[in-house]
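What's in upload12.txt: compact mmCIF, C-alpha atoms
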# COMPACT_ATOMS: atom_id res chain seq x y z
CA MET A 1 2.51 19.66 6.05
CA TRP A 2 -1.07 18.57 6.45
CA GLY A 3 -4.30 20.62 6.21
CA SER A 4 -6.35 21.37 9.31
CA ALA A 5 -9.71 22.55 10.52
CA GLY A 6 -10.35 26.24 10.17
CA GLU A 7 -10.42 28.21 6.95
CA ALA A 8 -10.74 25.87 3.96
CA ARG A 9 -8.02 25.84 1.33
CA ASP A 10 -9.09 26.21 -2.27
CA PHE A 11 -6.72 23.82 -4.03
CA SER A 12 -7.89 24.70 -7.52
CA GLU A 13 -7.29 28.42 -6.88
CA GLU A 14 -3.78 27.68 -5.54
CA LEU A 15 -2.99 25.62 -8.62
CA ALA A 16 -4.44 28.21 -10.99
CA GLN A 17 -2.17 30.86 -9.46
CA ARG A 18 0.86 28.56 -9.78
CA LEU A 19 -0.03 27.79 -13.42
CA GLU A 20 -0.34 31.51 -14.22
CA ALA A 21 3.08 32.11 -12.66
CA GLN A 22 4.41 29.26 -14.78
CA ARG A 23 3.00 30.87 -17.92
CA ASP A 24 4.75 34.13 -16.98
CA GLY A 25 8.07 32.30 -16.59
CA LYS A 26 8.12 32.66 -12.80
CA GLU A 27 7.40 29.03 -12.00
CA GLY A 28 8.88 25.72 -13.09
CA ALA A 29 7.19 22.33 -13.12
CA ILE A 30 4.32 22.11 -10.63
CA LEU A 31 4.17 18.93 -8.56
CA VAL A 32 0.76 17.92 -7.18
CA THR A 33 0.81 15.30 -4.42
CA GLY A 34 -1.41 13.76 -1.76
CA TYR A 35 -2.75 10.43 -0.54
CA PRO A 36 -4.66 8.11 -2.93
CA LYS A 37 -7.98 9.54 -4.13
CA SER A 38 -7.35 12.85 -2.37
CA GLY A 39 -8.75 14.89 -5.27
CA LYS A 40 -5.54 15.76 -7.15
CA SER A 41 -6.90 15.37 -10.70
CA SER A 42 -10.14 17.17 -9.86
CA ALA A 43 -8.24 20.12 -8.40
CA LEU A 44 -6.07 20.36 -11.52
CA ARG A 45 -9.09 20.13 -13.81
CA GLU A 46 -10.87 22.91 -11.90
CA ALA A 47 -7.68 25.02 -12.02
CA ALA A 48 -7.55 24.60 -15.81
CA GLY A 49 -11.21 25.69 -15.97
CA ARG A 50 -10.40 28.86 -14.03
CA LEU A 51 -7.84 29.65 -16.74
CA LYS A 52 -10.41 28.93 -19.49
CA ARG A 53 -8.46 25.90 -20.66
CA GLU A 54 -9.09 22.18 -20.92
CA MET A 55 -6.89 19.71 -19.11
CA LEU A 56 -5.15 16.91 -21.01
CA LEU A 57 -4.26 14.06 -18.68
CA LEU A 58 -1.28 11.92 -19.70
CA ARG A 59 -1.21 8.74 -17.59
CA ALA A 60 2.02 6.81 -17.09
CA GLU A 61 1.17 3.13 -16.63
CA ALA A 62 3.07 -0.12 -16.27
CA VAL A 63 1.46 -2.61 -18.64
CA GLN A 64 2.14 -6.24 -19.46
CA ILE A 65 3.63 -6.83 -22.90
CA ALA A 66 1.44 -8.93 -25.19
CA GLY A 67 2.21 -12.60 -24.59
CA GLY A 68 3.14 -11.96 -20.96
CA THR A 69 6.88 -11.75 -21.66
CA GLY A 70 7.50 -8.67 -19.57
CA VAL A 71 6.33 -5.22 -18.49
CA GLN A 72 6.83 -1.83 -20.08
CA LEU A 73 5.92 1.74 -19.20
CA VAL A 74 3.60 3.65 -21.50
CA LEU A 75 2.23 7.17 -21.47
CA LYS A 76 -1.43 7.40 -22.55
CA ASP A 77 -3.63 10.39 -23.25
CA ASP A 78 -7.42 10.70 -23.07
CA ARG A 79 -7.70 10.16 -26.82
CA GLY A 80 -6.11 6.72 -26.82
CA THR A 81 -2.72 7.89 -28.13
CA GLU A 82 0.23 6.39 -26.30
CA ALA A 83 4.02 6.35 -26.29
CA VAL A 84 6.26 3.62 -24.91
CA LEU A 85 8.37 5.06 -22.12
CA ASP A 86 11.61 3.30 -23.06
CA ASP A 87 13.52 6.53 -23.61
CA ALA A 88 12.93 9.53 -21.38
CA ASP A 89 14.03 12.09 -24.00
CA ARG A 90 11.65 10.67 -26.61
CA VAL A 91 8.75 10.78 -24.16
CA LEU A 92 9.60 14.37 -23.21
CA ASN A 93 9.21 15.27 -26.89
CA PHE A 94 5.84 13.44 -26.90
CA ILE A 95 4.76 15.63 -23.95
CA ARG A 96 6.06 18.83 -25.56
CA GLU A 97 3.89 18.16 -28.60
CA ARG A 98 0.80 17.97 -26.39
CA MET A 99 1.79 21.25 -24.71
CA LYS A 100 1.38 23.07 -28.03
CA GLU A 101 -2.34 22.37 -28.06
CA GLY A 102 -3.31 25.20 -25.71
CA VAL A 103 -4.28 22.94 -22.82
CA VAL A 104 -3.06 22.32 -19.28
CA VAL A 105 -1.06 19.10 -19.50
CA ALA A 106 -1.06 16.91 -16.38
CA VAL A 107 1.40 14.01 -16.32
CA GLU A 108 0.13 11.40 -13.86
CA LEU A 109 2.71 9.02 -12.37
CA PRO A 110 1.84 5.29 -12.20
CA LYS A 111 -0.34 4.05 -9.38
CA SER A 112 1.24 0.60 -9.65
CA LEU A 113 4.65 -0.76 -10.65
CA TYR A 114 3.97 -4.30 -9.48
CA PHE A 115 3.49 -7.38 -11.62
CA PRO A 116 3.88 -10.98 -10.34
CA GLY A 117 6.95 -12.68 -11.74
CA VAL A 118 8.67 -9.49 -12.90
CA MET A 119 12.32 -9.47 -11.90
CA GLU A 120 13.41 -6.89 -9.35
CA GLY A 121 15.87 -5.51 -11.91
CA ARG A 122 13.03 -4.59 -14.28
CA THR A 123 11.26 -2.68 -11.51
CA GLU A 124 14.48 -0.77 -10.91
CA GLU A 125 14.73 0.00 -14.65
CA MET A 126 11.19 1.41 -14.63
CA ARG A 127 11.96 3.45 -11.55
CA GLU A 128 15.03 4.90 -13.27
CA LEU A 129 13.02 5.77 -16.40
CA LEU A 130 10.42 7.57 -14.29
CA ARG A 131 13.13 9.35 -12.32
CA ARG A 132 14.66 10.64 -15.55
CA LEU A 133 11.23 11.66 -16.83
CA VAL A 134 10.42 13.65 -13.67
CA ASP A 135 13.86 15.28 -13.69
CA GLY A 136 13.42 16.18 -17.36
CA LEU A 137 10.01 17.72 -16.72
CA ARG A 138 11.37 19.72 -13.82
CA ARG A 139 14.06 21.19 -16.08
CA MET A 140 11.69 21.84 -18.97
CA SER A 141 11.27 25.50 -19.87
CA ALA A 142 7.75 26.82 -19.24
CA VAL A 143 6.58 26.84 -22.86
CA ALA A 144 3.10 25.82 -21.71
CA LEU A 145 1.05 25.01 -18.63
CA PHE A 146 1.76 21.61 -17.12
CA ALA A 147 1.96 19.73 -13.84
CA ILE A 148 3.22 16.38 -12.56
CA GLU A 149 0.69 14.52 -10.42
CA GLY A 150 1.19 11.50 -8.16
CA ASN A 151 0.74 10.01 -4.71
CA SER A 152 3.37 11.19 -2.22
CA TYR A 153 4.83 7.69 -1.82
CA THR A 154 5.18 7.34 -5.60
CA PHE A 155 7.42 10.42 -5.68
CA HIS A 156 9.39 8.98 -2.76
CA PHE A 157 9.79 5.61 -4.47
CA ILE A 158 10.84 7.07 -7.82
CA GLU A 159 13.39 9.36 -6.21
CA GLY A 160 14.82 6.34 -4.37
CA ARG A 161 14.87 7.94 -0.93
CA GLY A 162 15.62 4.79 1.06
CA GLU A 163 15.74 1.22 -0.17
CA GLY A 164 13.53 -1.78 0.38
CA PRO A 165 14.52 -5.08 2.01
CA SER A 166 17.44 -7.02 0.58
CA ALA A 167 17.65 -10.77 0.14
CA GLU A 168 21.31 -10.56 1.12
CA ASP A 169 20.53 -9.17 4.56
CA PRO A 170 18.09 -11.23 6.67
CA ASP A 171 18.68 -8.98 9.69
CA GLY A 172 17.79 -6.01 7.52
CA ILE A 173 14.61 -7.74 6.36
CA LEU A 174 13.50 -8.20 9.94
CA ARG A 175 14.35 -4.66 10.92
CA ARG A 176 12.54 -3.33 7.88
CA ILE A 177 9.40 -5.24 8.80
CA THR A 178 9.36 -4.60 12.54
CA LYS A 179 10.84 -1.16 13.04
CA PRO A 180 8.58 0.81 10.67
CA LEU A 181 5.51 -1.05 11.86
CA LYS A 182 6.29 -0.33 15.49
CA SER A 183 6.95 3.36 14.95
CA ARG A 184 4.31 4.03 12.34
CA ILE A 185 3.77 7.76 12.53
CA GLY A 186 7.43 8.82 12.41
CA HIS A 187 8.08 6.44 9.52
CA GLU A 188 5.06 7.64 7.55
CA ARG A 189 5.94 11.30 8.02
CA GLU A 190 9.41 10.68 6.61
CA VAL A 191 8.35 8.53 3.67
CA LEU A 192 5.30 10.62 2.75
CA ARG A 193 7.07 13.97 2.94
CA SER A 194 6.00 15.89 -0.15
CA PRO A 195 8.69 17.12 -2.59
CA ALA A 196 9.84 20.68 -2.01
CA GLY A 197 7.56 23.27 -3.58
CA SER A 198 4.73 20.84 -4.34
CA VAL A 199 1.02 21.45 -3.79
CA GLU A 200 -0.41 18.78 -1.51
CA VAL A 201 -4.11 18.12 -2.00
CA ALA A 202 -5.51 16.81 1.29
CA TYR A 203 -9.11 17.38 2.35
CA GLY A 204 -9.14 18.20 6.04
CA GLU A 205 -12.29 18.91 8.01
CA ALA A 206 -12.58 22.47 6.73
CA GLU A 207 -12.22 21.49 3.08
CA ALA A 208 -14.62 18.57 3.47
CA LYS A 209 -17.31 20.71 5.09
CA ALA A 210 -16.86 23.43 2.48
CA LEU A 211 -17.39 20.89 -0.31
CA LEU A 212 -20.40 19.46 1.50
CA GLU A 213 -22.04 22.86 1.95
CA LYS A 214 -21.36 23.76 -1.68
CA LEU A 215 -23.01 20.62 -3.09
CA ALA A 216 -25.51 19.42 -0.46
CA LYS A 217 -27.84 22.34 0.06
CA ASN A 218 -30.92 20.12 0.28
CA LEU A 219 -29.65 17.53 2.80
CA ASP A 220 -30.59 17.70 6.46
CA GLU A 221 -27.88 17.88 9.14
CA LYS A 222 -28.10 14.20 10.11
CA ARG A 223 -27.67 13.12 6.51
CA LYS A 224 -24.73 15.52 6.08
CA GLU A 225 -23.01 13.99 9.10
CA LEU A 226 -23.52 10.54 7.59
CA VAL A 227 -21.99 11.73 4.30
CA LEU A 228 -18.93 12.98 6.14
CA ARG A 229 -18.62 9.80 8.18
CA SER A 230 -18.81 7.67 5.04
CA ALA A 231 -15.93 9.66 3.50
CA ARG A 232 -13.61 10.01 6.51
CA VAL A 233 -10.12 8.44 6.59
CA ASN A 234 -10.14 6.35 9.76
CA HIS A 235 -6.49 5.38 10.27
CA GLY A 236 -2.90 6.26 9.50
CA LEU A 237 -1.25 9.64 9.18
CA HIS A 238 -4.29 10.96 7.30
CA LYS A 239 -6.78 9.95 9.98
CA GLY A 240 -9.46 12.64 10.13
CA TYR A 241 -9.03 13.64 6.49
CA TYR A 242 -11.56 12.84 3.76
CA PHE A 243 -11.99 11.32 0.33
CA PRO A 244 -13.72 14.07 -1.70
CA GLY A 245 -15.02 11.53 -4.22
CA LEU A 246 -16.93 9.75 -1.46
CA ILE A 247 -18.42 13.06 -0.30
CA VAL A 248 -19.71 13.68 -3.82
CA LYS A 249 -21.00 10.10 -4.08
CA GLY A 250 -22.79 10.38 -0.73
CA ILE A 251 -24.44 13.64 -1.78
CA GLU A 252 -25.58 12.20 -5.12
CA HIS A 253 -26.90 8.97 -3.58
CA PRO A 254 -27.83 9.71 0.05
CA GLU A 255 -30.37 6.85 0.02
CA ALA A 256 -27.45 4.39 -0.28
CA LEU A 257 -25.90 5.51 3.04
CA ASP A 258 -26.65 2.97 5.77
CA GLU A 259 -25.32 3.78 9.24
CA LYS A 260 -25.08 0.09 10.21
CA VAL A 261 -23.13 -0.84 7.07
CA ILE A 262 -20.80 2.15 7.52
CA GLY A 263 -20.10 0.99 11.09
CA GLU A 264 -19.39 -2.58 9.98
CA LEU A 265 -16.94 -1.39 7.32
CA GLU A 266 -15.23 0.92 9.82
CA HIS A 267 -14.69 -2.08 12.10
CA PHE A 268 -13.39 -4.14 9.18
CA GLU A 269 -10.92 -1.40 8.24
CA GLU A 270 -9.74 -1.27 11.82
CA GLN A 271 -8.97 -5.00 11.73
CA LEU A 272 -7.31 -4.95 8.32
CA GLU A 273 -5.23 -1.78 8.46
CA VAL A 274 -1.48 -2.16 8.70
CA ASP A 275 -1.08 -1.28 12.40
CA ALA A 276 -3.47 -4.01 13.54
CA VAL A 277 -2.21 -6.73 11.19
CA GLY A 278 1.44 -5.80 10.85
CA VAL A 279 2.37 -4.94 14.41
CA GLY A 280 0.61 -8.03 15.74
CA LEU A 281 2.46 -10.18 13.25
CA ALA A 282 5.81 -8.54 13.91
CA ASP A 283 5.43 -8.90 17.68
CA ALA A 284 4.29 -12.51 17.48
CA VAL A 285 6.70 -13.80 14.86
CA TYR A 286 9.79 -11.62 15.14
CA GLY A 287 9.57 -9.67 18.36
CA ARG A 288 10.30 -12.56 20.68
CA ALA A 289 13.62 -13.68 19.24
CA SER A 290 14.65 -11.56 16.29
CA SER A 291 18.37 -12.32 16.51
CA ALA A 292 17.73 -16.07 16.73
CA ILE A 293 15.32 -15.90 13.80
CA ALA A 294 17.87 -13.95 11.78
CA GLN A 295 20.47 -16.64 12.50
CA TYR A 296 17.94 -19.28 11.55
CA ALA A 297 17.26 -17.43 8.31
CA ARG A 298 20.92 -17.41 7.32
CA GLU A 299 21.60 -21.04 8.15
CA VAL A 300 18.37 -22.84 7.36
CA LEU A 301 15.98 -20.91 5.12
CA GLY A 302 17.98 -21.50 1.97
CA THR A 303 16.41 -24.96 1.71
CA ALA A 304 13.59 -25.02 4.25
CA SER A 305 9.99 -24.62 3.17
CA GLY A 306 7.05 -23.61 5.30
CA ILE A 307 5.89 -20.79 7.42
CA PHE A 308 9.19 -19.14 8.30
CA SER A 309 10.40 -19.06 4.73
CA ASN A 310 7.02 -17.67 3.71
CA LEU A 311 7.20 -14.91 6.29
CA LEU A 312 10.72 -13.89 5.34
CA THR A 313 9.85 -14.06 1.67
CA LEU A 314 7.13 -11.55 2.48
CA GLY A 315 9.88 -9.14 3.51
CA LEU A 316 11.20 -9.37 -0.05
CA GLY A 317 7.82 -8.41 -1.47
CA LEU A 318 6.85 -11.67 -3.19
CA ALA A 319 3.12 -12.17 -3.64
CA ALA A 320 3.12 -15.91 -2.93
CA SER A 321 3.67 -15.31 0.77
CA ALA A 322 1.45 -12.27 1.25
CA GLU A 323 -1.47 -14.54 2.06
CA VAL A 324 0.42 -15.54 5.22
CA LEU A 325 0.47 -11.97 6.48
CA PHE A 326 -3.24 -11.44 5.97
CA LEU A 327 -4.25 -14.88 7.21
CA PHE A 328 -2.25 -14.57 10.42
CA GLY A 329 -3.11 -10.95 10.95
CA LEU A 330 -6.84 -11.51 10.52
CA ALA A 331 -7.53 -14.98 11.86
CA ARG A 332 -7.15 -14.21 15.54
CA LYS A 333 -8.67 -16.68 18.02
CA SER A 334 -10.67 -18.34 15.28
CA GLU A 335 -11.85 -21.92 15.32
CA ASP A 336 -12.47 -21.67 11.59
CA PRO A 337 -10.04 -19.29 9.85
CA VAL A 338 -11.51 -20.22 6.45
CA LYS A 339 -14.97 -19.06 7.48
CA GLN A 340 -13.50 -15.88 8.90
CA ALA A 341 -11.52 -15.18 5.72
CA LEU A 342 -14.62 -15.70 3.56
CA GLU A 343 -16.70 -13.37 5.75
CA ARG A 344 -14.05 -10.71 5.39
CA ARG A 345 -13.98 -11.19 1.64
CA LYS A 346 -17.63 -10.06 1.52
CA LYS A 347 -16.70 -6.94 3.47
CA TRP A 348 -13.70 -6.27 1.22
CA GLU A 349 -16.02 -6.33 -1.79
CA LYS A 350 -18.24 -3.73 -0.10
CA LEU A 351 -15.37 -1.34 0.62
CA PRO A 352 -15.29 1.70 -1.68
CA GLU A 353 -12.34 1.88 -4.07
CA GLU A 354 -10.94 4.85 -2.14
CA ARG A 355 -10.62 2.81 1.04
CA LYS A 356 -9.08 -0.19 -0.72
CA GLU A 357 -6.49 2.07 -2.31
CA TYR A 358 -5.61 3.77 0.96
CA LEU A 359 -5.32 0.52 2.94
CA SER A 360 -3.06 -0.93 0.27
CA TYR A 361 -1.03 2.28 0.12
CA ARG A 362 -0.19 2.00 3.80
CA TYR A 363 1.12 -1.57 3.37
CA ASP A 364 3.33 -0.39 0.50
CA VAL A 365 4.72 2.37 2.72
CA ALA A 366 5.20 0.12 5.75
CA LEU A 367 7.09 -2.63 3.90
CA ALA A 368 8.91 -0.39 1.39
CA LEU A 369 7.22 -2.12 -1.55
CA SER A 370 6.81 -0.99 -5.14
CA PRO A 371 3.63 1.11 -5.46
CA GLY A 372 0.61 -1.10 -6.10
CA THR A 373 2.10 -4.29 -4.64
CA ALA A 374 -0.11 -4.59 -1.58
CA ARG A 375 -3.26 -3.89 -3.60
CA ARG A 376 -2.51 -6.91 -5.76
CA TRP A 377 -1.84 -8.99 -2.63
CA LEU A 378 -5.10 -7.97 -1.00
CA ASN A 379 -7.07 -8.60 -4.16
CA ASP A 380 -5.52 -12.05 -4.54
CA PHE A 381 -6.12 -12.94 -0.90
CA PHE A 382 -9.75 -11.83 -0.81
CA HIS A 383 -10.63 -13.37 -4.16
CA GLN A 384 -9.55 -16.88 -3.21
CA SER A 385 -12.31 -19.46 -3.25
CA GLU A 386 -13.18 -21.45 -0.15
CA ASP A 387 -11.31 -24.47 -1.56
CA GLU A 388 -8.22 -22.35 -2.29
CA THR A 389 -8.26 -20.87 1.20
CA ARG A 390 -8.58 -24.31 2.80
CA GLN A 391 -5.76 -25.60 0.62
CA MET A 392 -3.54 -22.70 1.66
CA ILE A 393 -4.14 -23.38 5.35
CA GLU A 394 -3.59 -27.11 4.89
CA GLU A 395 -0.27 -26.45 3.18
CA LEU A 396 0.80 -24.16 6.03
CA ARG A 397 -0.28 -26.77 8.57
CA ARG A 398 1.63 -29.49 6.76
CA ASP A 399 4.76 -27.38 6.36
CA PHE A 400 4.74 -26.34 9.99
CA LYS A 401 4.34 -29.91 11.23
CA ARG A 402 7.35 -30.81 9.11
CA LEU A 403 9.34 -28.15 10.95
CA LEU A 404 8.21 -29.51 14.31
CA GLU A 405 9.38 -32.97 13.25
CA SER A 406 12.71 -31.76 11.88
CA ASN A 407 15.94 -33.46 12.93
CA ASP A 408 17.57 -30.06 13.06
CA GLU A 409 17.36 -28.84 16.65
CA LYS A 410 17.44 -25.17 15.66
CA VAL A 411 14.47 -25.65 13.37
CA LYS A 412 12.49 -27.46 16.02
CA VAL A 413 13.17 -24.91 18.76
CA LEU A 414 12.26 -21.94 16.58
CA ALA A 415 9.16 -23.67 15.29
CA TRP A 416 7.99 -24.12 18.87
CA LEU A 417 8.36 -20.40 19.52
CA ASP A 418 5.41 -19.81 17.21
CA VAL A 419 3.15 -22.65 18.32
CA PRO A 420 0.92 -20.43 20.54
CA TYR A 421 0.40 -17.90 17.77
CA LEU A 422 -0.38 -20.55 15.19
CA ILE A 423 -2.92 -22.14 17.53
CA GLU A 424 -4.51 -18.72 18.01
CA ALA A 425 -4.67 -18.20 14.25
CA GLY A 426 -6.29 -21.59 13.74
CA VAL A 427 -3.51 -22.98 11.54
CA ILE A 428 -2.72 -25.85 13.95
CA SER A 429 -4.76 -27.26 16.80
CA VAL A 430 -3.81 -27.80 20.43
CA GLU A 431 -3.89 -31.53 19.62
CA ASP A 432 -1.41 -31.01 16.75
CA ALA A 433 0.98 -29.25 19.11
CA ALA A 434 0.52 -31.82 21.91
CA ALA A 435 1.39 -34.64 19.53
CA HIS A 436 4.88 -33.16 19.13
CA LYS A 437 5.35 -32.08 22.74
CA GLU A 438 7.41 -35.07 23.81
CA GLY A 439 10.00 -34.47 21.13
CA PHE A 440 10.38 -30.87 22.22
CA LEU A 441 10.65 -31.87 25.90
CA GLU A 442 13.34 -34.41 25.04
CA LEU A 443 15.20 -31.64 23.23
CA LEU A 444 14.99 -29.40 26.31
CA LYS A 445 16.08 -32.26 28.56
CA SER A 446 19.12 -32.98 26.43
CA ASP A 447 20.01 -29.27 26.53
CA ASP A 448 19.71 -29.28 30.35
CA GLU A 449 21.96 -32.34 30.61
CA GLU A 450 24.51 -30.73 28.34
CA MET A 451 24.53 -27.63 30.51
CA MET A 452 24.99 -29.73 33.66
CA LYS A 453 28.09 -31.32 32.17
CA ARG A 454 29.56 -27.90 31.73

What do you get writing this file as structure tokens?
Amino acid sequence: MWGSAGEARDFSEELAQRLEAQRDGKEGAILVTGYPKSGKSSALREAAGRLKREMLLLRAEAVQIAGGTGVQLVLKDDRGTEAVLDDADRVLNFIRERMKEGVVVAVELPKSLYFPGVMEGRTEEMRELLRRLVDGLRRMSAVALFAIEGNSYTFHFIEGRGEGPSAEDPDGILRRITKPLKSRIGHEREVLRSPAGSVEVAYGEAEAKALLEKLAKNLDEKRKELVLRSARVNHGLHKGYYFPGLIVKGIEHPEALDEKVIGELEHFEEQLEVDAVGVGLADAVYGRASSAIAQYAREVLGTASGIFSNLLTLGLGLAASAEVLFLFGLARKSEDPVKQALERRKKWEKLPEERKEYLSYRYDVALALSPGTARRWLNDFFHQSEDETRQMIEELRRDFKRLLESNDEKVKVLAWLDVPYLIEAGVISVEDAAAHKEGFLELLKSDDEEMMKR
């Protein structure tokens, strides 16, 4: 499935051969997949060049309708022409017209299908439109050279292989959050399996070094190693692979490569990536008493506000609660979580676009979210002002204290389960917890007395 060290693959040559076979009627639609920023478009453009043709890129995008009343899918070309993707057959005709122009047509699937406030049903409608478009392109006779390009998870999402969390199934929400996060590699391999017959563009060590040697003839060995380090994927199923765009950028601007900064950003990625944040959160919040929490969700969360409802809402993919995930996952053992969040915002702003996209991609995969959802969450979280961050933490603190003071015994007991973690995250203090200790002890005492009677 994945590339490896050894002889480097020439993705553009592979694609050129597939396109020639398509022209001869021996090949149907060519699917080009890979992780975000893996070099898919560049490989297609080089393949078109080998065939002495230009490439016309048609981008499918989800855009907000003027006035903010909804979202629609459009297909745009490089010349500014666009078609609304409200009817798959009509858009297929739009694509056929472009195929008559003697170019290689590349249809790029959307990078994002997420917009705050858009009903889940509309997302499903867009997914169905894209599914019909892809199916139509696959069946299209090879009247010209064309390919369908997209991230592997986008193909998976459009084809509907597996469903996301359901509001009707709290147990399912919890399983969806914890199980994938605790068995990352197996889950990723399943979800990111490329469609049959596709060309997967993934720069392994051999491909990265081949690109480096081709373009960086005047760099010394130490600088070359720094270029490779700056472009390496450091986590997830693609750990050890590379972003070719960052290799090119490092070669063009070697003076901008700072070993200390690269190390700091590597450490930041390690803290932010989904294994570190997600598994810690799942273990702390759900791992201790998942069945009890699920029961609590059914009976209480319909009206309760606060941290638990926020965390379960996260399972449904709503942006308002995403800040809870990142706050709790990042603010470990911090006396000042606001300061820590603001420091990390500076590092987020320094991260190259490739790394932001890949980090976000892994959250989408882990939580079965619409493509692009986690990127919006991360942007929103790291672009909060200091006042907004403090307000968020104060609201969480206030909501959690309300749960500790609840007259409902179930609420109080389950709130206490998370007191140590919330202290560690800096949301409540030891003094806050101690102030409510007597009430919890009285609750335990009454339970003991009840058991003695039995």

Margin query: Just the number, please: distance in Å from atom CA of A:Leu57 to atom CA of A:Glu101, one decimal.
Written below: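 Separating atom CA of A:Leu57 from atom CA of A:Glu101 is a distance of 12.7 Å.
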
Find the nearest atom pair between each residue of stretch 28-75 of chain A and stretch 90-95 of chain A for residues within 10 Å, count all atoms listed in the file, give distances in Å to one decimal, sort rows by chain and ascending number, and present the table as CSV.
residue,atom,partner,partner_atom,distance
A:Leu58,CA,A:Ile95,CA,8.3
A:Val74,CA,A:Val91,CA,9.2
A:Leu75,CA,A:Val91,CA,7.9

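Residues lying within 9 Å of A:Leu145, counting all atoms listed in the file and ignoring same-chain neighbours fewer than 6 positions away, are A:Leu19, A:Glu20, A:Gln22, A:Arg23, A:Ala29, A:Met99, A:Gly102, A:Val103, A:Val104, A:Val105, A:Ala106.
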
Go ahead and find all residues with at least one atom no further than 12 Å from (-5.5, 4.2, -1.6) in the file's coordinates, using only C-alpha atoms; report them as an mmCIF file with C-alpha atoms, in the frame of the given file.
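Result saved to selection.cif:
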data_model
loop_
_atom_site.group_PDB
_atom_site.id
_atom_site.type_symbol
_atom_site.label_atom_id
_atom_site.label_comp_id
_atom_site.auth_asym_id
_atom_site.auth_seq_id
_atom_site.Cartn_x
_atom_site.Cartn_y
_atom_site.Cartn_z
ATOM 1 C CA GLY A 34 -1.410 13.760 -1.760
ATOM 2 C CA TYR A 35 -2.750 10.430 -0.540
ATOM 3 C CA PRO A 36 -4.660 8.110 -2.930
ATOM 4 C CA LYS A 37 -7.980 9.540 -4.130
ATOM 5 C CA SER A 38 -7.350 12.850 -2.370
ATOM 6 C CA GLY A 39 -8.750 14.890 -5.270
ATOM 7 C CA LYS A 111 -0.340 4.050 -9.380
ATOM 8 C CA SER A 112 1.240 0.600 -9.650
ATOM 9 C CA GLY A 150 1.190 11.500 -8.160
ATOM 10 C CA ASN A 151 0.740 10.010 -4.710
ATOM 11 C CA SER A 152 3.370 11.190 -2.220
ATOM 12 C CA TYR A 153 4.830 7.690 -1.820
ATOM 13 C CA THR A 154 5.180 7.340 -5.600
ATOM 14 C CA VAL A 233 -10.120 8.440 6.590
ATOM 15 C CA HIS A 235 -6.490 5.380 10.270
ATOM 16 C CA GLY A 236 -2.900 6.260 9.500
ATOM 17 C CA HIS A 238 -4.290 10.960 7.300
ATOM 18 C CA TYR A 242 -11.560 12.840 3.760
ATOM 19 C CA PHE A 243 -11.990 11.320 0.330
ATOM 20 C CA GLU A 273 -5.230 -1.780 8.460
ATOM 21 C CA LEU A 351 -15.370 -1.340 0.620
ATOM 22 C CA PRO A 352 -15.290 1.700 -1.680
ATOM 23 C CA GLU A 353 -12.340 1.880 -4.070
ATOM 24 C CA GLU A 354 -10.940 4.850 -2.140
ATOM 25 C CA ARG A 355 -10.620 2.810 1.040
ATOM 26 C CA LYS A 356 -9.080 -0.190 -0.720
ATOM 27 C CA GLU A 357 -6.490 2.070 -2.310
ATOM 28 C CA TYR A 358 -5.610 3.770 0.960
ATOM 29 C CA LEU A 359 -5.320 0.520 2.940
ATOM 30 C CA SER A 360 -3.060 -0.930 0.270
ATOM 31 C CA TYR A 361 -1.030 2.280 0.120
ATOM 32 C CA ARG A 362 -0.190 2.000 3.800
ATOM 33 C CA TYR A 363 1.120 -1.570 3.370
ATOM 34 C CA ASP A 364 3.330 -0.390 0.500
ATOM 35 C CA VAL A 365 4.720 2.370 2.720
ATOM 36 C CA PRO A 371 3.630 1.110 -5.460
ATOM 37 C CA GLY A 372 0.610 -1.100 -6.100
ATOM 38 C CA THR A 373 2.100 -4.290 -4.640
ATOM 39 C CA ALA A 374 -0.110 -4.590 -1.580
ATOM 40 C CA ARG A 375 -3.260 -3.890 -3.600
#

Note to self: For a test of reading the model, state the distance in Å between atom CA of A:Lys217 and atom CA of A:Thr33, rounded to one decimal.
What the structure shows: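 Interatomic distance here is 29.8 Å.
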
Note to self: Report, in Å with one decimal, the straight-line distance from atom CA of A:Met55 to atom CA of A:Gly250.
What the structure shows: 26.0 Å

Notebook entry, point to check: For A:Ile148, which residue out of A:Gly121, A:Pro254, A:Gly240, A:Gly28 is the nearest one, using all atoms listed in the file?
Noted result: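 Checking each of A:Gly121, A:Pro254, A:Gly240, A:Gly28 against A:Ile148, counting all atoms listed in the file, the winner is A:Gly28.
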
Check: Residues around (-6.4, 9.7, -25.0), cut-off 12 Å, counting only C-alpha atoms - what are they as number ranges by chain?
Finding: A: 55-60, 75-83, 98

Go ahead and write the selection's residues with C-alpha atoms as a compact mmCIF listing (two decimals), keeping the file's coordinate frame.
# COMPACT_ATOMS: atom_id res chain seq x y z
CA MET A 55 -6.89 19.71 -19.11
CA LEU A 56 -5.15 16.91 -21.01
CA LEU A 57 -4.26 14.06 -18.68
CA LEU A 58 -1.28 11.92 -19.70
CA ARG A 59 -1.21 8.74 -17.59
CA ALA A 60 2.02 6.81 -17.09
CA LEU A 75 2.23 7.17 -21.47
CA LYS A 76 -1.43 7.40 -22.55
CA ASP A 77 -3.63 10.39 -23.25
CA ASP A 78 -7.42 10.70 -23.07
CA ARG A 79 -7.70 10.16 -26.82
CA GLY A 80 -6.11 6.72 -26.82
CA THR A 81 -2.72 7.89 -28.13
CA GLU A 82 0.23 6.39 -26.30
CA ALA A 83 4.02 6.35 -26.29
CA ARG A 98 0.80 17.97 -26.39
